[in-house]
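Undergrad: To be precise about what I am sending: the file is called work-v7.tsv and holds TSV, C-alpha atoms.
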```tsv
chain	number	residue	atom	x	y	z
A	1	MET	CA	0.00	0.00	0.00
A	2	GLU	CA	2.77	2.43	0.97
A	3	LYS	CA	4.68	1.58	-2.21
A	4	LYS	CA	1.61	2.31	-4.34
A	5	ASN	CA	1.08	5.59	-2.50
A	6	LEU	CA	4.72	6.57	-3.15
A	7	GLU	CA	4.27	5.95	-6.89
A	8	LEU	CA	1.14	8.12	-6.93
A	9	LEU	CA	2.96	10.93	-5.13
A	10	ARG	CA	5.87	10.69	-7.58
A	11	ARG	CA	3.53	10.86	-10.58
A	12	LYS	CA	1.91	13.93	-9.05
A	13	LEU	CA	5.36	15.46	-8.60
A	14	ASP	CA	6.14	14.75	-12.28
A	15	GLU	CA	2.94	16.57	-13.25
A	16	ILE	CA	3.92	19.56	-11.13
A	17	ASP	CA	7.42	19.61	-12.66
A	18	ALA	CA	5.92	19.49	-16.17
A	19	GLY	CA	3.67	22.39	-15.20
A	20	ILE	CA	6.66	24.41	-13.98
A	21	VAL	CA	8.48	23.82	-17.28
A	22	ASP	CA	5.36	24.82	-19.19
A	23	LEU	CA	5.03	28.03	-17.17
A	24	ILE	CA	8.69	28.90	-17.80
A	25	ALA	CA	8.12	28.35	-21.52
A	26	GLN	CA	5.10	30.67	-21.37
A	27	ARG	CA	7.16	33.24	-19.49
A	28	GLN	CA	9.92	33.11	-22.10
A	29	ALA	CA	7.40	33.64	-24.90
A	30	HIS	CA	5.99	36.61	-22.99
A	31	VAL	CA	9.52	37.95	-22.47
A	32	ALA	CA	10.07	37.88	-26.24
A	33	GLN	CA	6.95	40.03	-26.73
A	34	ILE	CA	8.17	42.47	-24.07
A	35	GLY	CA	11.52	42.67	-25.87
A	36	GLN	CA	9.76	43.58	-29.11
A	37	THR	CA	7.71	46.25	-27.38
A	38	LYS	CA	10.80	47.73	-25.71
A	39	LYS	CA	12.46	47.96	-29.10
A	40	HIS	CA	9.49	49.75	-30.66
A	41	ILE	CA	9.26	52.35	-27.88
A	42	ASN	CA	13.07	52.62	-27.64
A	43	LYS	CA	13.38	51.46	-24.03
A	44	PRO	CA	16.58	49.80	-22.74
A	45	THR	CA	16.61	46.03	-22.33
A	46	ARG	CA	17.42	46.15	-18.62
A	47	ASP	CA	15.16	47.87	-16.11
A	48	TYR	CA	16.55	47.52	-12.58
A	49	ARG	CA	13.45	49.04	-10.96
A	50	ARG	CA	11.22	46.46	-12.66
A	51	GLU	CA	13.59	43.64	-11.66
A	52	LYS	CA	13.36	44.76	-8.03
A	53	GLU	CA	9.55	44.83	-8.27
A	54	VAL	CA	9.53	41.28	-9.62
A	55	MET	CA	11.95	40.03	-6.95
A	56	ASP	CA	10.15	41.79	-4.10
A	57	GLY	CA	6.86	40.34	-5.32
A	58	VAL	CA	8.01	36.71	-5.51
A	59	LEU	CA	9.82	36.95	-2.17
A	60	ALA	CA	6.67	38.27	-0.53
A	61	GLN	CA	4.71	35.35	-2.02
A	62	ALA	CA	7.39	32.93	-0.81
A	63	ALA	CA	7.17	34.33	2.73
A	64	ALA	CA	3.38	34.07	2.67
A	65	LYS	CA	3.58	30.40	1.68
A	66	GLY	CA	6.31	29.57	4.18
A	67	LEU	CA	8.99	28.96	1.53
A	68	ASP	CA	12.71	29.58	1.88
A	69	GLN	CA	13.21	33.05	0.39
A	70	LYS	CA	16.88	32.38	-0.44
A	71	ILE	CA	15.93	29.48	-2.69
A	72	ILE	CA	13.21	31.51	-4.41
A	73	GLN	CA	15.65	34.39	-4.92
A	74	GLN	CA	18.24	32.10	-6.51
A	75	VAL	CA	15.62	30.58	-8.82
A	76	PHE	CA	14.28	33.95	-9.96
A	77	GLU	CA	17.74	35.48	-10.36
A	78	LEU	CA	18.40	32.72	-12.90
A	79	VAL	CA	14.98	33.19	-14.51
A	80	ILE	CA	15.53	36.94	-14.85
A	81	GLU	CA	19.05	36.48	-16.24
A	82	THR	CA	17.75	33.99	-18.80
A	83	SER	CA	14.99	36.41	-19.79
A	84	LEU	CA	17.48	39.26	-20.20
A	85	GLY	CA	19.70	37.01	-22.31
A	86	LYS	CA	16.77	36.19	-24.56
A	87	GLN	CA	15.88	39.87	-25.00
A	88	GLU	CA	19.51	40.84	-25.65
A	89	THR	CA	19.95	38.10	-28.27
A	90	GLN	CA	16.68	39.18	-29.87
A	91	LYS	CA	17.83	42.81	-29.99
A	92	VAL	CA	21.24	41.90	-31.45
A	93	SER	CA	19.65	39.74	-34.17
A	94	GLN	CA	17.34	42.60	-35.14
A	95	SER	CA	20.21	45.05	-35.51
A	96	THR	CA	20.56	46.43	-39.03
A	97	PHE	CA	24.11	47.64	-38.46
A	98	GLY	CA	25.67	44.63	-40.18
A	99	HIS	CA	23.56	44.71	-43.35
A	100	ASN	CA	25.75	44.84	-46.47
A	101	LYS	CA	28.89	44.97	-44.31
A	102	LYS	CA	31.86	42.61	-44.30
A	103	ALA	CA	34.14	41.72	-41.41
A	104	LEU	CA	37.41	39.81	-41.38
A	105	ILE	CA	38.51	38.13	-38.16
A	106	ILE	CA	42.21	37.29	-38.08
A	107	GLY	CA	42.53	34.47	-35.58
A	108	GLY	CA	38.87	33.67	-36.06
A	109	LEU	CA	39.18	30.01	-35.06
A	110	GLY	CA	40.34	30.90	-31.54
A	111	LYS	CA	37.79	31.07	-28.73
A	112	MET	CA	37.35	34.85	-28.73
A	113	GLY	CA	37.59	34.90	-32.53
A	114	GLN	CA	34.68	32.46	-32.66
A	115	TRP	CA	32.74	34.59	-30.16
A	116	PHE	CA	33.12	37.64	-32.38
A	117	ALA	CA	32.26	35.64	-35.50
A	118	GLN	CA	28.97	34.53	-33.95
A	119	PHE	CA	28.31	38.00	-32.53
A	120	LEU	CA	28.77	39.66	-35.92
A	121	ARG	CA	26.84	37.01	-37.84
A	122	THR	CA	23.92	37.55	-35.47
A	123	GLN	CA	24.00	41.20	-36.56
A	124	ASN	CA	23.89	40.07	-40.22
A	125	PHE	CA	27.53	40.80	-41.03
A	126	ASP	CA	29.14	38.81	-43.80
A	127	VAL	CA	31.96	37.25	-41.75
A	128	PHE	CA	35.29	36.01	-43.12
A	129	ILE	CA	37.89	34.16	-41.05
A	130	HIS	CA	41.63	33.83	-41.39
A	131	ASP	CA	43.59	31.42	-39.23
A	132	LEU	CA	46.00	28.53	-39.43
A	133	PRO	CA	45.07	25.85	-42.03
A	134	THR	CA	42.39	23.43	-40.85
A	135	ASP	CA	40.91	20.20	-42.18
A	136	HIS	CA	37.40	21.58	-41.77
A	137	PRO	CA	37.49	25.25	-42.77
A	138	PRO	CA	34.33	27.21	-41.96
A	139	VAL	CA	32.28	29.13	-44.49
A	140	GLY	CA	34.12	32.31	-45.43
A	141	PHE	CA	37.54	30.91	-44.54
A	142	VAL	CA	40.45	32.93	-45.98
A	143	PRO	CA	43.55	30.68	-46.05
A	144	ASP	CA	45.94	33.28	-47.47
A	145	LEU	CA	45.79	36.99	-46.58
A	146	SER	CA	47.90	37.85	-49.63
A	147	THR	CA	44.89	37.02	-51.82
A	148	CYS	CA	42.53	39.37	-49.90
A	149	ASP	CA	40.96	42.36	-51.59
A	150	TRP	CA	40.85	44.01	-48.13
A	151	GLU	CA	37.41	45.42	-48.82
A	152	TYR	CA	36.22	44.85	-45.26
A	153	ASP	CA	34.31	47.27	-43.06
A	154	PHE	CA	35.91	45.83	-39.92
A	155	ILE	CA	39.12	43.86	-39.43
A	156	ILE	CA	39.34	42.25	-35.99
A	157	VAL	CA	42.70	40.98	-34.77
A	158	ALA	CA	41.96	38.13	-32.33
A	159	THR	CA	45.38	36.46	-32.20
A	160	PRO	CA	47.72	35.98	-29.20
A	161	ILE	CA	49.23	39.25	-27.96
A	162	GLN	CA	52.71	38.86	-29.49
A	163	LYS	CA	51.22	37.71	-32.79
A	164	SER	CA	48.79	40.65	-32.76
A	165	ALA	CA	51.75	43.06	-32.82
A	166	GLU	CA	53.03	41.37	-36.00
A	167	VAL	CA	49.60	41.37	-37.65
A	168	LEU	CA	49.01	45.05	-36.87
A	169	SER	CA	52.44	45.98	-38.27
A	170	HIS	CA	51.59	44.07	-41.45
A	171	LEU	CA	48.26	45.87	-41.74
A	172	SER	CA	50.00	49.25	-41.47
A	173	GLU	CA	51.79	48.37	-44.71
A	174	ILE	CA	48.60	47.22	-46.45
A	175	LYS	CA	46.61	50.26	-45.28
A	176	PRO	CA	43.09	48.78	-45.42
A	177	SER	CA	40.17	51.22	-45.60
A	178	GLY	CA	38.06	49.48	-42.95
A	179	VAL	CA	38.26	49.93	-39.19
A	180	VAL	CA	41.00	47.81	-37.60
A	181	LEU	CA	40.62	46.75	-33.98
A	182	ASP	CA	42.57	44.46	-31.70
A	183	ILE	CA	41.11	42.74	-28.65
A	184	SER	CA	44.34	42.07	-26.74
A	185	SER	CA	44.36	41.87	-22.95
A	186	ILE	CA	47.71	43.71	-22.72
A	187	LYS	CA	48.36	46.82	-24.83
A	188	SER	CA	52.00	47.81	-24.23
A	189	PRO	CA	53.44	45.42	-26.87
A	190	LEU	CA	51.01	46.91	-29.41
A	191	ARG	CA	51.89	50.57	-28.85
A	192	ARG	CA	54.22	50.87	-31.87
A	193	PRO	CA	52.13	48.92	-34.43
A	194	LEU	CA	48.94	50.72	-33.36
A	195	ARG	CA	50.70	54.06	-33.78
A	196	GLN	CA	52.01	52.92	-37.19
A	197	LEU	CA	48.45	52.16	-38.29
A	198	ALA	CA	47.20	55.54	-37.06
A	199	ASP	CA	50.08	57.36	-38.78
A	200	ALA	CA	49.31	55.49	-42.01
A	201	GLY	CA	45.78	56.93	-41.91
A	202	VAL	CA	44.09	53.63	-41.06
A	203	PRO	CA	41.06	53.99	-38.75
A	204	VAL	CA	42.17	51.93	-35.75
A	205	VAL	CA	40.75	51.29	-32.29
A	206	SER	CA	42.12	49.16	-29.48
A	207	ILE	CA	39.45	47.44	-27.39
A	208	HIS	CA	39.49	45.00	-24.49
A	209	PRO	CA	36.37	42.87	-23.94
A	210	MET	CA	36.40	42.18	-20.20
A	211	PHE	CA	34.71	38.81	-20.57
A	212	GLY	CA	35.55	35.37	-21.90
A	213	PRO	CA	34.24	33.38	-24.87
A	214	ASP	CA	31.55	31.72	-22.74
A	215	ALA	CA	29.75	35.03	-22.17
A	216	GLN	CA	26.20	34.99	-23.48
A	217	LEU	CA	24.59	37.84	-21.55
A	218	LEU	CA	26.63	41.06	-21.66
A	219	SER	CA	24.71	42.82	-18.90
A	220	GLY	CA	27.24	43.64	-16.19
A	221	LYS	CA	30.12	42.98	-18.61
A	222	HIS	CA	32.52	45.72	-19.73
A	223	VAL	CA	34.25	46.60	-22.98
A	224	ILE	CA	37.19	49.02	-22.82
A	225	PHE	CA	37.71	51.39	-25.77
A	226	ILE	CA	41.05	53.09	-26.39
A	227	GLU	CA	41.01	55.85	-28.97
A	228	MET	CA	44.07	55.98	-31.23
A	229	GLY	CA	43.33	59.40	-32.71
A	230	ASN	CA	40.19	58.59	-34.69
A	231	LYS	CA	36.93	59.37	-32.86
A	232	GLU	CA	34.79	58.21	-35.80
A	233	ALA	CA	36.41	54.78	-35.65
A	234	VAL	CA	35.62	54.52	-31.92
A	235	THR	CA	32.00	55.45	-32.60
A	236	ALA	CA	31.77	52.80	-35.33
A	237	VAL	CA	33.18	50.06	-33.07
A	238	LYS	CA	30.91	51.08	-30.19
A	239	GLN	CA	27.96	50.64	-32.52
A	240	LEU	CA	28.75	46.93	-32.65
A	241	PHE	CA	27.74	46.77	-28.98
A	242	ASP	CA	24.74	49.10	-29.21
A	243	PRO	CA	22.17	46.25	-29.09
A	244	THR	CA	23.80	44.74	-26.00
A	245	MET	CA	23.78	45.72	-22.34
A	246	ALA	CA	27.59	45.84	-22.14
A	247	GLU	CA	29.09	48.81	-20.29
A	248	ARG	CA	31.38	50.73	-22.67
A	249	ILE	CA	34.35	52.36	-20.97
A	250	ASP	CA	36.68	54.91	-22.53
A	251	MET	CA	40.27	54.63	-21.34
A	252	LYS	CA	43.63	56.18	-22.15
A	253	PHE	CA	46.26	53.87	-23.61
A	254	GLU	CA	48.76	54.65	-20.83
A	255	ASP	CA	46.24	53.74	-18.09
A	256	HIS	CA	45.17	50.36	-19.44
A	257	ASP	CA	48.00	48.00	-18.48
A	258	ARG	CA	48.47	49.57	-15.03
A	259	LEU	CA	44.85	48.93	-14.10
A	260	ILE	CA	44.74	45.53	-15.80
A	261	ALA	CA	47.73	44.44	-13.69
A	262	TYR	CA	45.30	44.47	-10.74
A	263	VAL	CA	42.03	43.51	-12.43
A	264	LEU	CA	43.42	40.54	-14.38
A	265	GLY	CA	47.05	39.99	-13.38
A	266	LEU	CA	46.58	39.99	-9.61
A	267	SER	CA	43.30	38.06	-9.63
A	268	HIS	CA	44.72	35.44	-12.01
A	269	VAL	CA	47.89	34.80	-10.03
A	270	LEU	CA	45.95	34.58	-6.75
A	271	ASN	CA	43.77	31.83	-8.16
A	272	ILE	CA	46.70	30.04	-9.81
A	273	ALA	CA	48.53	30.09	-6.46
A	274	PHE	CA	45.41	28.82	-4.65
A	275	MET	CA	44.86	25.91	-7.02
A	276	THR	CA	48.61	25.08	-7.10
A	277	VAL	CA	48.69	24.78	-3.30
A	278	LEU	CA	45.68	22.45	-3.46
A	279	ALA	CA	47.06	20.40	-6.36
A	280	GLU	CA	50.39	19.89	-4.53
A	281	SER	CA	48.86	19.34	-1.09
A	282	GLY	CA	48.31	15.61	-1.47
A	283	GLU	CA	44.71	16.07	-0.31
A	284	ALA	CA	41.99	14.65	-2.55
A	285	ALA	CA	39.77	17.30	-4.13
A	286	ALA	CA	36.63	15.27	-3.41
A	287	HIS	CA	37.55	15.00	0.27
A	288	LEU	CA	38.17	18.75	0.57
A	289	ALA	CA	34.87	19.48	-1.18
A	290	LYS	CA	32.99	17.51	1.47
A	291	LEU	CA	34.55	19.67	4.19
A	292	SER	CA	34.12	22.91	2.30
A	293	SER	CA	32.98	26.24	3.68
A	294	THR	CA	31.19	29.14	1.99
A	295	THR	CA	34.48	30.96	1.36
A	296	PHE	CA	36.26	27.84	0.13
A	297	ASP	CA	33.39	26.95	-2.22
A	298	ALA	CA	33.40	30.43	-3.78
A	299	GLN	CA	37.19	30.45	-4.19
A	300	LEU	CA	37.23	26.89	-5.52
A	301	ASP	CA	34.61	27.74	-8.12
A	302	ILE	CA	36.68	30.65	-9.46
A	303	ALA	CA	39.96	28.72	-9.34
A	304	GLN	CA	38.43	25.80	-11.22
A	305	LYS	CA	37.32	28.14	-14.01
A	306	VAL	CA	40.80	29.67	-14.16
A	307	SER	CA	42.35	26.19	-14.40
A	308	ASN	CA	40.39	25.61	-17.61
A	309	GLU	CA	41.65	28.79	-19.30
A	310	ASN	CA	44.42	29.06	-21.88
A	311	PRO	CA	47.78	28.83	-20.03
A	312	SER	CA	49.64	30.62	-22.85
A	313	LEU	CA	47.26	33.59	-22.68
A	314	TYR	CA	47.49	33.78	-18.90
A	315	PHE	CA	51.29	33.70	-19.09
A	316	GLU	CA	51.27	36.50	-21.68
A	317	ILE	CA	49.04	38.61	-19.43
A	318	GLN	CA	51.67	38.31	-16.67
A	319	LYS	CA	54.83	38.43	-18.76
A	320	LEU	CA	53.99	41.18	-21.26
A	321	ASN	CA	52.53	43.66	-18.77
A	322	HIS	CA	55.24	46.09	-17.63
A	323	TYR	CA	53.26	46.65	-14.42
A	324	SER	CA	53.14	42.95	-13.42
A	325	PRO	CA	56.29	43.12	-11.25
A	326	THR	CA	54.60	45.81	-9.13
A	327	THR	CA	51.55	43.69	-8.30
A	328	LEU	CA	53.47	40.40	-8.06
A	329	ASN	CA	56.05	41.90	-5.68
A	330	ALA	CA	53.29	43.52	-3.62
A	331	LEU	CA	51.51	40.16	-3.35
A	332	SER	CA	54.72	38.38	-2.36
A	333	ASP	CA	55.54	41.01	0.25
A	334	THR	CA	52.03	40.87	1.69
A	335	VAL	CA	52.10	37.07	2.03
A	336	LEU	CA	55.46	37.31	3.83
A	337	ARG	CA	54.12	40.03	6.15
A	338	LEU	CA	51.04	37.96	7.01
A	339	THR	CA	53.22	34.90	7.58
A	340	ASP	CA	55.42	36.86	9.98
A	341	MET	CA	52.38	38.21	11.85
A	342	ILE	CA	51.03	34.71	12.36
A	343	HIS	CA	54.38	33.19	13.37
A	344	GLN	CA	55.05	36.03	15.81
A	345	GLY	CA	51.52	35.93	17.20
A	346	ASN	CA	50.97	39.57	16.27
A	347	HIS	CA	47.20	39.68	16.60
A	348	GLN	CA	47.00	43.49	16.50
A	349	ALA	CA	48.90	43.77	13.18
A	350	PHE	CA	46.78	41.03	11.61
A	351	GLU	CA	43.59	42.72	12.76
A	352	GLN	CA	44.84	46.06	11.39
A	353	VAL	CA	45.43	44.52	7.95
A	354	MET	CA	41.85	43.22	7.83
A	355	LEU	CA	40.49	46.56	9.08
A	356	GLN	CA	42.45	48.39	6.38
A	357	ALA	CA	40.94	46.09	3.74
A	358	LYS	CA	37.45	46.64	5.15
A	359	GLN	CA	37.87	50.42	5.00
A	360	TYR	CA	39.13	50.15	1.41
A	361	PHE	CA	36.00	48.29	0.29
A	362	GLN	CA	33.73	50.67	2.21
A	363	GLN	CA	35.01	53.49	0.00
```
Would you mind writing the structure in this file as structure tokens?
TA:
Amino acid sequence: MEKKNLELLRRKLDEIDAGIVDLIAQRQAHVAQIGQTKKHINKPTRDYRREKEVMDGVLAQAAAKGLDQKIIQQVFELVIETSLGKQETQKVSQSTFGHNKKALIIGGLGKMGQWFAQFLRTQNFDVFIHDLPTDHPPVGFVPDLSTCDWEYDFIIVATPIQKSAEVLSHLSEIKPSGVVLDISSIKSPLRRPLRQLADAGVPVVSIHPMFGPDAQLLSGKHVIFIEMGNKEAVTAVKQLFDPTMAERIDMKFEDHDRLIAYVLGLSHVLNIAFMTVLAESGEAAAHLAKLSSTTFDAQLDIAQKVSNENPSLYFEIQKLNHYSPTTLNALSDTVLRLTDMIHQGNHQAFEQVMLQAKQYFQQ
């Protein structure tokens, strides 16, 4: 009898689950209609006030029904993010900016090259790709740049940093008419070739997408734009991101690598050090995961993502940035100071370090 009752309860649960999926599908269809309406009345995709209204409403309902509000918040944060992603994709695909325009992506088979290829195709660009020879070349593959007519509206250099310097120097000799842009994470090695392009009269912009190739929703993501003497070129490249929710940041060339030494360089090396200590500890990852804390879980999640990134790119970000020694030495010195505090039992100094950090974040 109990076994039969369990089966009935499970079937009822399956029906409820199917109903939840159906309601999410209905919500997504409704979201698409809202996206269309926003486009027609020229309203931005993201409305933080409306998001707060939605979240406050579902949390109030959760409280009234005795549900865990944290769980409901997590569910609806994902639902809202998915809805925003759908509206952003819809808006990008309806962009007319790419009509009758051609783009060449040099290094287009790399991860970020593929991201830009998909991003531009969604905007109806005719996309061409140059990269190393491959057994399965994509549509629009250009095996030899010497055969190009260079009649492209945009030329995106998505190669490794050192290679990008060579490509940009080569383009300064060709002098294409379209806008040239690199997407390198470090800019110092590109200073001379970028200046050569600008001096040759080529419209050139240096950008830095502050996200990886897995990014689907650009809300909360940033794209850095560095003008190289041609404001019109910057405007044209910014237009590529008009349909998205990406934050567009203007930055001076000389400021970029100094700030990136902290934003990328320091954060990368911290996570590499964290995962190296774990990997060399002799402790099984599964065992540590069972004993994990909130802080450990959060750090482990980030470190695991870093471990799956391109080691060559991460080394270039450290090695090619002239400001890396500053942050690396500061990190090394800080670890030694903390070690001394702990060994010497200097509670007051340790507490002062944490207080200083707290005050920094409160600013």
Undergrad: Near segment 333-338 of chain A, within 12 Å and counting only C-alpha atoms, which residues show up once chain neighbours fewer than 3 positions away are dropped, as a list in words?
TA: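 Using only C-alpha atoms, the neighbours found are Leu270, Ala273, Pro325, Thr326, Thr327, Leu328, Asn329, Ala330, Met341, Ile342, His343, Gln344, Gly345, Asn346, His347, Gln348, Ala349, Phe350, Glu351, Gln352, Val353 and Met354 of chain A.
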Undergrad: Each residue of segment 29-130 of chain A lying at most 8 Å from segment 135-156 of chain A should get a row with its shortest atom-to-atom pair and the distance in Å to one decimal, counting all atoms listed in the file; could you produce that, ordered by chain and increasing number, as CSV?
TA:
```
residue,atom,partner,partner_atom,distance
A:Lys101,CA,A:Asp153,CA,6.0
A:Lys102,CA,A:Tyr152,CA,5.0
A:Ala103,CA,A:Phe154,CA,4.7
A:Leu104,CA,A:Ile155,CA,4.8
A:Ile105,CA,A:Ile156,CA,4.7
A:Ile106,CA,A:Ile156,CA,6.1
A:Val127,CA,A:Gly140,CA,6.5
A:Phe128,CA,A:Gly140,CA,4.5
A:Ile129,CA,A:Phe141,CA,4.8
A:His130,CA,A:Val142,CA,4.8
```
Undergrad: Could you pull the residues within 12 Å of Gln318 of chain A, counting all atoms listed in the file, minus those fewer than 2 positions along the same chain, as a ChimeraX atom specification?
TA: /A:161,185-186,257-258,260-269,272,311-316,320-328
Undergrad: Given the choices A:Arg49, A:Lys187, A:His287, A:His40, which gets closest to Pro160 of chain A if the distance is worked out from all atoms listed in the file?
TA: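 Among the listed residues, A:Lys187 lies closest to Pro160 of chain A.
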Undergrad: If you take every atom of segment 298-317 of chain A that the file lists and fit an axis-aligned box around them with 6 Å extra on each side, what centre and edge lengths come out in Å to one decimal, as JSON?
TA:
```
{"center_x": 42.3, "center_y": 32.1, "center_z": -13.3, "size_x": 29.9, "size_y": 25.0, "size_z": 31.1}
```
Undergrad: Taking (50.6, 51.1, -21.6) in the file's coordinates as the center, which residues reach within 7 Å of it, counting only C-alpha atoms, put as JSON, numbers by chain?
TA: {"A": [187, 188, 253, 254, 255, 256, 257]}
Undergrad: Contacts of Glu51 of chain A at 9 Å or less, counting only C-alpha atoms, minus same-chain residues fewer than 5 places along, as a ChimeraX atom specification?
TA: /A:46,56,80
Undergrad: Could you tell me how far atom CA of Thr122 of chain A lies from atom CA of Ser93 of chain A, in Å and to one decimal?
TA: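 Computing the Euclidean distance for atom CA of Thr122 of chain A and atom CA of Ser93 of chain A yields 5.0 Å.
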Undergrad: Which residue out of A:Leu132, A:Asn42, A:Lys65, A:Ile249 has the minimum interatomic distance to Gly107 of chain A when all atoms listed in the file are used?
TA: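 Smallest separation from Gly107 of chain A among the options: A:Leu132.
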Undergrad: I'd like the interatomic distance between atom CA of Ser219 of chain A and atom CA of Ala246 of chain A, to a tenth of an Å.
TA: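 Going from atom CA of Ser219 of chain A over to atom CA of Ala246 of chain A covers 5.3 Å.
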Undergrad: Could you name the residues that touch Ile224 of chain A at 8 Å or less, counting only C-alpha atoms, but leaving out those on the same chain fewer than 3 positions away, as a PDB file with C-alpha atoms, in the coordinates of the input?
TA:
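That gives us selection_17.pdb:
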```
ATOM      1  CA  ILE A 207      39.450  47.440 -27.390  1.00  0.00           C
ATOM      2  CA  HIS A 208      39.490  45.000 -24.490  1.00  0.00           C
ATOM      3  CA  PRO A 209      36.370  42.870 -23.940  1.00  0.00           C
ATOM      4  CA  MET A 210      36.400  42.180 -20.200  1.00  0.00           C
ATOM      5  CA  ARG A 248      31.380  50.730 -22.670  1.00  0.00           C
ATOM      6  CA  ILE A 249      34.350  52.360 -20.970  1.00  0.00           C
ATOM      7  CA  ASP A 250      36.680  54.910 -22.530  1.00  0.00           C
ATOM      8  CA  MET A 251      40.270  54.630 -21.340  1.00  0.00           C
TER       9      MET A 251
END
```
Undergrad: If you count all atoms listed in the file, which residues fall within 8 Å of segment 157-159 of chain A, apart from same-chain ones fewer than 4 positions away, as a PyMOL selection string?
TA: chain A and resi 105-108+110+112-113+163-164+167-168+180-184
Undergrad: Those selected residues, please, written with C-alpha atoms and delivered as a short mmCIF file (atom, residue, chain, number, x, y, z; two decimals), in the frame of the given file.
TA:
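And here's again-v1.cif as it stands now:
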```
data_model
loop_
_atom_site.label_atom_id
_atom_site.label_comp_id
_atom_site.auth_asym_id
_atom_site.auth_seq_id
_atom_site.Cartn_x
_atom_site.Cartn_y
_atom_site.Cartn_z
CA ILE A 105 38.51 38.13 -38.16
CA ILE A 106 42.21 37.29 -38.08
CA GLY A 107 42.53 34.47 -35.58
CA GLY A 108 38.87 33.67 -36.06
CA GLY A 110 40.34 30.90 -31.54
CA MET A 112 37.35 34.85 -28.73
CA GLY A 113 37.59 34.90 -32.53
CA LYS A 163 51.22 37.71 -32.79
CA SER A 164 48.79 40.65 -32.76
CA VAL A 167 49.60 41.37 -37.65
CA LEU A 168 49.01 45.05 -36.87
CA VAL A 180 41.00 47.81 -37.60
CA LEU A 181 40.62 46.75 -33.98
CA ASP A 182 42.57 44.46 -31.70
CA ILE A 183 41.11 42.74 -28.65
CA SER A 184 44.34 42.07 -26.74
#
```
Undergrad: One decimal, Å: what's the distance from atom CA of Ala233 of chain A over to atom CA of Ser177 of chain A, could you say?
TA: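 Interatomic distance here is 11.2 Å.
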Undergrad: Restricting the calculation to only C-alpha atoms: of A:Glu283, A:Gly98, A:Lys221, A:Arg27, which residue gets closest to Val237 of chain A?
TA: A:Gly98
Undergrad: Give the answer as one residue: which of A:Lys52, A:Lys39, A:Lys4, A:Lys70 has the shortest atom-to-atom distance to Ser95 of chain A, using all atoms listed in the file?
TA: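 Of A:Lys52, A:Lys39, A:Lys4, A:Lys70, the one nearest Ser95 of chain A, counting all atoms listed in the file, is A:Lys39.
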Undergrad: Measuring atom to atom with only C-alpha atoms, identify which of A:Thr82, A:Gln26, A:Asn271, A:Gln87 is nearest to Lys38 of chain A.
TA: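 Of the candidates, the smallest distance to Lys38 of chain A is held by A:Gln87.
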